[in-house]
Amino acid sequence: MLDFPYVKKRDADLSTNVTVKTNKLNVYYGSSHALKDINITLYDKTITAFIGPSGCGKSTLLRSINRMNDTIPGAKITGDIFIDGVNIQTESIQATALRKHVGMVFQKPNPFFKSIFENIAFALRIHGVSKKDIEAVVEESLKRVGLWDEVKDRLQDSALQLSGGQQQRLCIARTIAMNPSIILLDEPTSALDPISTEKIEQLLQELKRDFTIVIVTHNMHQAARISDYTAYFHLGNMVEIGHTEQIFTAPQQSRTHDYLSGKFG
Amino acid sequence: MNAKQMDRLATLFFYLVAILIVCTLIGLLGFILFKGISYISWDFLTEAPGSYILGEVGGIAPMLFNSFYLLILTMIITLPIGIGGGIYMAEYAKPTRFTKFLRLCMEVMSSLPSIIIGLFGLLLLVQYTGWGYTLAGGALALTIFNLPLMVRVVEQAITAVPKDQKEASLALGITHWQTITKIMLPVALPGIVTGTILAAGRIFGEAAALLFTAGMSSPNLDFTNWDPTAVSSPLNPFRPAATLSVYIWKVNSDSLSTQTAAIVSGGSAFILICVVLLFTIFARLLGKYIYRRLTSS
């Protein structure tokens, strides 16, 4: 029997609009075959969690969606990834333009070594947002992640003075300031304490109204609590994907069941 | 002897080695500074040299100026190339055989005997170009050792920037080049500044490479004429210039009076050591200051 006391109930009004769809996606790092024939569909304004043991390919898939794998020497990708129907693997798609549309938050909070204000303003300025608009966007983004009241009097202080949880919310603010449609999160709470983790999880529930969210997590309970869909990966294969409620109560595959019951992983 | 005794013995040995190193340094510096300070006077620092061959002491003002000016000229040449090379090695060079070969070339370049560089400079920068002994020739010769050092300083400073800073920037749709200039270089700057000033100390004391490039004498300098094209202007890069280190060597080999040689070299050594020590301290302070400013912490 699987024992997950806090499984998110299936929302009745889940969108059926496809945001991301992959077709026979394979990723190789040198001679290692990191992802094998992945066909996955992600829906608009939902949270999808990728779970699985270390090295199963969940982060690799995440990093394919904003083409961060391009920055790794020796990475080779075959197959297609469609975002809103556009194949992002074609050469005419610029990675820099794609990454404005698909934001990413990392495992360890990584604010720039700059002021709190500048952490958000920096990328906006580079992308040509006017000075007047920048201040408004900074304020709005900080409000949306619930950080505004905590930092509004010290926007010029170094972001490194914030606590880990605040830093991670700042990184989320920096990402949503770009007004993306998809936000990718790579184990965003694994370096945080339980209270900061809870704040981020609540925040994700709010952000779901406006963004399609994909989260990689090694914490099965987190996936059960917050996601609408869960995909289970093992050794580069996507073993199973389904509604979170179904995956955590009645997985179809025995490997998923074994992982969720703690038999390995 | 059991393992525990061996451990104690080894620890004792390493302590002794450390003490030996510190004592050598303190002894050397103490001797030079203690002996040298008695020769220092306002005139020694501000006067032109006397006829040292016949035993006149005089001052070291032109040599001191030449040493600093040559350092600045060398830095003007090496900094842009060194920063460019460092960025290339840290961010663009793929781990190919060509890159390995490049690294080997730089190691060889920085370890060439400086007198050989001097002779090569004589051939190329003095005779082939027809410039004669010039500051510019000296600066180019010094570039040969300094450039590999600068490339390594910049490369290491950039590589030491946490990888997550780069990823954060790229993930916001910022280009690689903007990521380097706006995110990575500011974080790397304290390391670059510290490394540059330490490398400057090495140049400041160099003598052998300059004997046959910048020359062993200076014209009579007119410190009121700052037109860089004038022959007697201190700023003219195409005039011969003996630096402080070269001057120490020159006086010792030419002077008929051993006493004069001792006074001039003792005083000059004092100044040289002071400047290099100040460089080292200044490098650390400036590095820390820039780091605090740029990270607004």
# chains A, B, ... in the order shown; residues from 1 in each chain; ligands from 1
$ interface_residues --of "chain A" --to "chain B" --cutoff "8 Å" --atoms "only C-alpha atoms" --output "count of residues only"
27
$ residues_around --residues "A:Gly57" --least-positions-apart "6" --cutoff "8 Å" --atoms "only C-alpha atoms" --output "number ranges by chain"
A: 34-35, 233-237
$ atom_distance --atom1 "atom CA of A:Thr197" --atom2 "atom CA of A:Tyr6"
15.5 Å
$ select_by_dssp --residues "stretch 185-247 of chain A" --states "helix (DSSP H, G or I)" --output "VMD selection string"
chain A and resid 194 to 207 220 to 226 244 to 247
$ write_last_selection --atoms "C-alpha atoms" --output "PDB file, in the first residue's frame"
ATOM      1  CA  PRO A 194      10.613  23.627   5.986  1.00  0.00           C
ATOM      2  CA  ILE A 195       9.033  27.045   6.598  1.00  0.00           C
ATOM      3  CA  SER A 196      10.658  28.622   3.538  1.00  0.00           C
ATOM      4  CA  THR A 197       9.691  25.515   1.579  1.00  0.00           C
ATOM      5  CA  GLU A 198       6.056  25.911   2.557  1.00  0.00           C
ATOM      6  CA  LYS A 199       6.054  29.551   1.465  1.00  0.00           C
ATOM      7  CA  ILE A 200       7.451  28.588  -1.942  1.00  0.00           C
ATOM      8  CA  GLU A 201       4.886  25.813  -2.322  1.00  0.00           C
ATOM      9  CA  GLN A 202       2.036  28.228  -1.546  1.00  0.00           C
ATOM     10  CA  LEU A 203       3.539  30.716  -3.967  1.00  0.00           C
ATOM     11  CA  LEU A 204       3.578  28.115  -6.728  1.00  0.00           C
ATOM     12  CA  GLN A 205      -0.137  27.485  -6.206  1.00  0.00           C
ATOM     13  CA  GLU A 206      -0.765  31.191  -6.785  1.00  0.00           C
ATOM     14  CA  LEU A 207       1.573  31.445  -9.756  1.00  0.00           C
ATOM     15  CA  MET A 220       7.840  12.663  -3.368  1.00  0.00           C
ATOM     16  CA  HIS A 221       5.614  14.252  -0.728  1.00  0.00           C
ATOM     17  CA  GLN A 222       6.178  17.653  -2.277  1.00  0.00           C
ATOM     18  CA  ALA A 223       5.149  16.338  -5.679  1.00  0.00           C
ATOM     19  CA  ALA A 224       2.043  14.781  -4.110  1.00  0.00           C
ATOM     20  CA  ARG A 225       1.106  18.001  -2.271  1.00  0.00           C
ATOM     21  CA  ILE A 226       1.475  20.567  -5.021  1.00  0.00           C
ATOM     22  CA  THR A 244      -0.991  13.243  -9.360  1.00  0.00           C
ATOM     23  CA  GLU A 245      -3.888  11.731  -7.446  1.00  0.00           C
ATOM     24  CA  GLN A 246      -3.798   8.662  -9.641  1.00  0.00           C
ATOM     25  CA  ILE A 247       0.010   8.254  -9.609  1.00  0.00           C
TER      26      ILE A 247
END
$ atom_distance --atom1 "atom CA of B:Ala61" --atom2 "atom CA of B:Pro237"
17.3 Å
$ residues_around --residues "B:Leu189" --least-positions-apart "3" --cutoff "12 Å" --atoms "only C-alpha atoms" --output "compact mmCIF listing (two decimals) with N, CA and C atoms, in the first residue's frame"
# COMPACT_ATOMS: atom_id res chain seq x y z
N ILE B 83 43.27 40.48 -20.71
CA ILE B 83 41.87 40.27 -20.36
C ILE B 83 41.17 39.51 -21.48
N VAL B 153 45.92 35.04 -14.74
CA VAL B 153 45.21 35.75 -13.66
C VAL B 153 43.73 35.93 -14.04
N VAL B 154 43.49 36.41 -15.26
CA VAL B 154 42.11 36.68 -15.68
C VAL B 154 41.34 35.36 -15.82
N GLU B 155 41.98 34.36 -16.40
CA GLU B 155 41.31 33.08 -16.58
C GLU B 155 40.88 32.50 -15.22
N GLN B 156 41.82 32.52 -14.26
CA GLN B 156 41.50 31.95 -12.96
C GLN B 156 40.41 32.75 -12.25
N ALA B 157 40.47 34.07 -12.38
CA ALA B 157 39.45 34.90 -11.72
C ALA B 157 38.07 34.62 -12.30
N ILE B 158 38.01 34.42 -13.63
CA ILE B 158 36.70 34.16 -14.25
C ILE B 158 36.22 32.75 -13.91
N THR B 159 37.15 31.80 -13.94
CA THR B 159 36.75 30.42 -13.62
C THR B 159 36.26 30.31 -12.18
N ALA B 160 36.77 31.19 -11.30
CA ALA B 160 36.37 31.13 -9.90
C ALA B 160 34.99 31.72 -9.64
N VAL B 161 34.40 32.37 -10.64
CA VAL B 161 33.04 32.90 -10.46
C VAL B 161 32.08 31.71 -10.37
N ILE B 180 29.14 37.49 -19.69
CA ILE B 180 30.55 37.63 -19.32
C ILE B 180 30.83 39.05 -18.83
N THR B 181 30.40 40.04 -19.61
CA THR B 181 30.80 41.42 -19.28
C THR B 181 30.01 41.99 -18.10
N LYS B 182 28.74 41.62 -17.98
CA LYS B 182 27.91 42.29 -16.97
C LYS B 182 27.78 41.48 -15.68
N ILE B 183 27.92 40.17 -15.77
CA ILE B 183 27.75 39.34 -14.56
C ILE B 183 29.08 38.78 -14.07
N MET B 184 29.83 38.15 -14.98
CA MET B 184 31.02 37.42 -14.53
C MET B 184 32.21 38.34 -14.27
N LEU B 185 32.47 39.28 -15.20
CA LEU B 185 33.64 40.15 -15.00
C LEU B 185 33.56 40.98 -13.72
N PRO B 186 32.39 41.56 -13.38
CA PRO B 186 32.34 42.30 -12.12
C PRO B 186 32.68 41.42 -10.92
N ILE B 192 41.07 39.91 -10.52
CA ILE B 192 41.88 40.43 -11.63
C ILE B 192 42.77 41.57 -11.14
N VAL B 193 42.18 42.48 -10.35
CA VAL B 193 42.94 43.63 -9.85
C VAL B 193 44.09 43.16 -8.96
N THR B 194 43.78 42.26 -8.02
CA THR B 194 44.82 41.76 -7.13
C THR B 194 45.94 41.10 -7.92
N GLY B 195 45.57 40.24 -8.85
CA GLY B 195 46.57 39.53 -9.65
C GLY B 195 47.40 40.48 -10.50
N THR B 196 46.75 41.50 -11.06
CA THR B 196 47.45 42.46 -11.91
C THR B 196 48.51 43.22 -11.11
N ALA B 283 47.29 45.79 -3.29
CA ALA B 283 46.52 44.84 -4.09
C ALA B 283 45.42 44.21 -3.24
N LEU B 286 42.71 46.92 -2.20
CA LEU B 286 41.89 47.34 -3.33
C LEU B 286 40.94 46.22 -3.74
N GLY B 287 41.46 44.98 -3.77
CA GLY B 287 40.62 43.83 -4.12
C GLY B 287 39.42 43.73 -3.20
N LYS B 288 39.66 43.86 -1.90
CA LYS B 288 38.55 43.78 -0.94
C LYS B 288 37.56 44.90 -1.14
N TYR B 289 38.10 46.12 -1.36
CA TYR B 289 37.24 47.29 -1.52
C TYR B 289 36.33 47.13 -2.74
N ILE B 290 36.92 46.72 -3.87
CA ILE B 290 36.12 46.57 -5.09
C ILE B 290 35.05 45.51 -4.90
N TYR B 291 35.42 44.42 -4.21
CA TYR B 291 34.44 43.35 -4.00
C TYR B 291 33.23 43.88 -3.23
N ARG B 292 33.53 44.67 -2.19
CA ARG B 292 32.42 45.21 -1.38
C ARG B 292 31.57 46.16 -2.20
N ARG B 293 32.22 47.01 -3.02
CA ARG B 293 31.47 47.96 -3.82
C ARG B 293 30.57 47.27 -4.82
N LEU B 294 31.14 46.29 -5.52
CA LEU B 294 30.40 45.68 -6.63
C LEU B 294 29.28 44.78 -6.16
N THR B 295 29.46 44.15 -5.00
CA THR B 295 28.39 43.26 -4.53
C THR B 295 27.45 44.01 -3.60
$ atom_distance --atom1 "atom CA of A:Met238" --atom2 "atom CA of A:Asp37"
8.5 Å
$ closest_residue --among "B:Gly55, B:Gly130, B:Pro113, B:Pro148" --to "B:Met89" --atoms "only C-alpha atoms"
B:Pro148
$ closest_residue --among "B:Gly84, B:Pro240, B:Pro190, B:Gly58" --to "B:Ile40" --atoms "only C-alpha atoms"
B:Gly58
$ closest_atom_pairs --of "stretch 155-261 of chain A" --to "stretch 10-25 of chain A" --cutoff "10 Å" --atoms "only C-alpha atoms" --output "Markdown table"
| residue | atom | partner | partner_atom | distance |
| --- | --- | --- | --- | --- |
| A:Ser181 | CA | A:Thr19 | CA | 8.9 |
| A:Ile182 | CA | A:Thr19 | CA | 8.4 |
| A:Thr212 | CA | A:Thr19 | CA | 7.7 |
| A:Ser227 | CA | A:Arg10 | CA | 9.3 |
| A:Asp228 | CA | A:Arg10 | CA | 6.6 |
| A:Tyr229 | CA | A:Arg10 | CA | 9.0 |
| A:His243 | CA | A:Arg10 | CA | 7.0 |
| A:Thr244 | CA | A:Arg10 | CA | 7.4 |
| A:Glu245 | CA | A:Arg10 | CA | 6.2 |
| A:Gln246 | CA | A:Arg10 | CA | 8.8 |
$ write_last_selection --atoms "N, CA, C and O atoms" --output "PDB file, in the first residue's frame"
ATOM      1  N   SER A 181       5.857  32.420 -20.095  1.00  0.00           N
ATOM      2  CA  SER A 181       4.603  31.670 -19.997  1.00  0.00           C
ATOM      3  C   SER A 181       4.835  30.362 -19.248  1.00  0.00           C
ATOM      4  O   SER A 181       3.919  29.777 -18.712  1.00  0.00           O
ATOM      5  N   ILE A 182       6.095  29.912 -19.224  1.00  0.00           N
ATOM      6  CA  ILE A 182       6.420  28.658 -18.539  1.00  0.00           C
ATOM      7  C   ILE A 182       7.515  28.943 -17.513  1.00  0.00           C
ATOM      8  O   ILE A 182       8.438  29.702 -17.791  1.00  0.00           O
ATOM      9  N   THR A 212       2.487  28.199 -16.667  1.00  0.00           N
ATOM     10  CA  THR A 212       2.604  26.750 -16.688  1.00  0.00           C
ATOM     11  C   THR A 212       3.870  26.409 -15.896  1.00  0.00           C
ATOM     12  O   THR A 212       4.931  26.953 -16.180  1.00  0.00           O
ATOM     13  N   SER A 227       1.410  19.197  -7.070  1.00  0.00           N
ATOM     14  CA  SER A 227       1.321  19.123  -8.533  1.00  0.00           C
ATOM     15  C   SER A 227      -0.017  18.573  -9.011  1.00  0.00           C
ATOM     16  O   SER A 227      -0.728  17.871  -8.276  1.00  0.00           O
ATOM     17  N   ASP A 228      -0.352  18.943 -10.235  1.00  0.00           N
ATOM     18  CA  ASP A 228      -1.549  18.403 -10.880  1.00  0.00           C
ATOM     19  C   ASP A 228      -1.221  17.113 -11.618  1.00  0.00           C
ATOM     20  O   ASP A 228      -2.009  16.179 -11.641  1.00  0.00           O
ATOM     21  N   TYR A 229      -0.052  17.104 -12.237  1.00  0.00           N
ATOM     22  CA  TYR A 229       0.401  15.907 -12.945  1.00  0.00           C
ATOM     23  C   TYR A 229       1.755  15.496 -12.383  1.00  0.00           C
ATOM     24  O   TYR A 229       2.538  16.338 -11.955  1.00  0.00           O
ATOM     25  N   HIS A 243      -2.394  11.984 -13.685  1.00  0.00           N
ATOM     26  CA  HIS A 243      -2.833  12.907 -12.646  1.00  0.00           C
ATOM     27  C   HIS A 243      -2.161  12.516 -11.343  1.00  0.00           C
ATOM     28  O   HIS A 243      -2.039  11.334 -11.029  1.00  0.00           O
ATOM     29  N   THR A 244      -1.737  13.500 -10.589  1.00  0.00           N
ATOM     30  CA  THR A 244      -0.991  13.243  -9.360  1.00  0.00           C
ATOM     31  C   THR A 244      -1.767  12.315  -8.423  1.00  0.00           C
ATOM     32  O   THR A 244      -1.213  11.382  -7.836  1.00  0.00           O
ATOM     33  N   GLU A 245      -3.057  12.558  -8.329  1.00  0.00           N
ATOM     34  CA  GLU A 245      -3.888  11.731  -7.446  1.00  0.00           C
ATOM     35  C   GLU A 245      -3.813  10.257  -7.842  1.00  0.00           C
ATOM     36  O   GLU A 245      -3.671   9.373  -6.997  1.00  0.00           O
ATOM     37  N   GLN A 246      -3.844  10.046  -9.156  1.00  0.00           N
ATOM     38  CA  GLN A 246      -3.798   8.662  -9.641  1.00  0.00           C
ATOM     39  C   GLN A 246      -2.414   8.047  -9.419  1.00  0.00           C
ATOM     40  O   GLN A 246      -2.292   6.914  -8.934  1.00  0.00           O
TER      41      GLN A 246
END
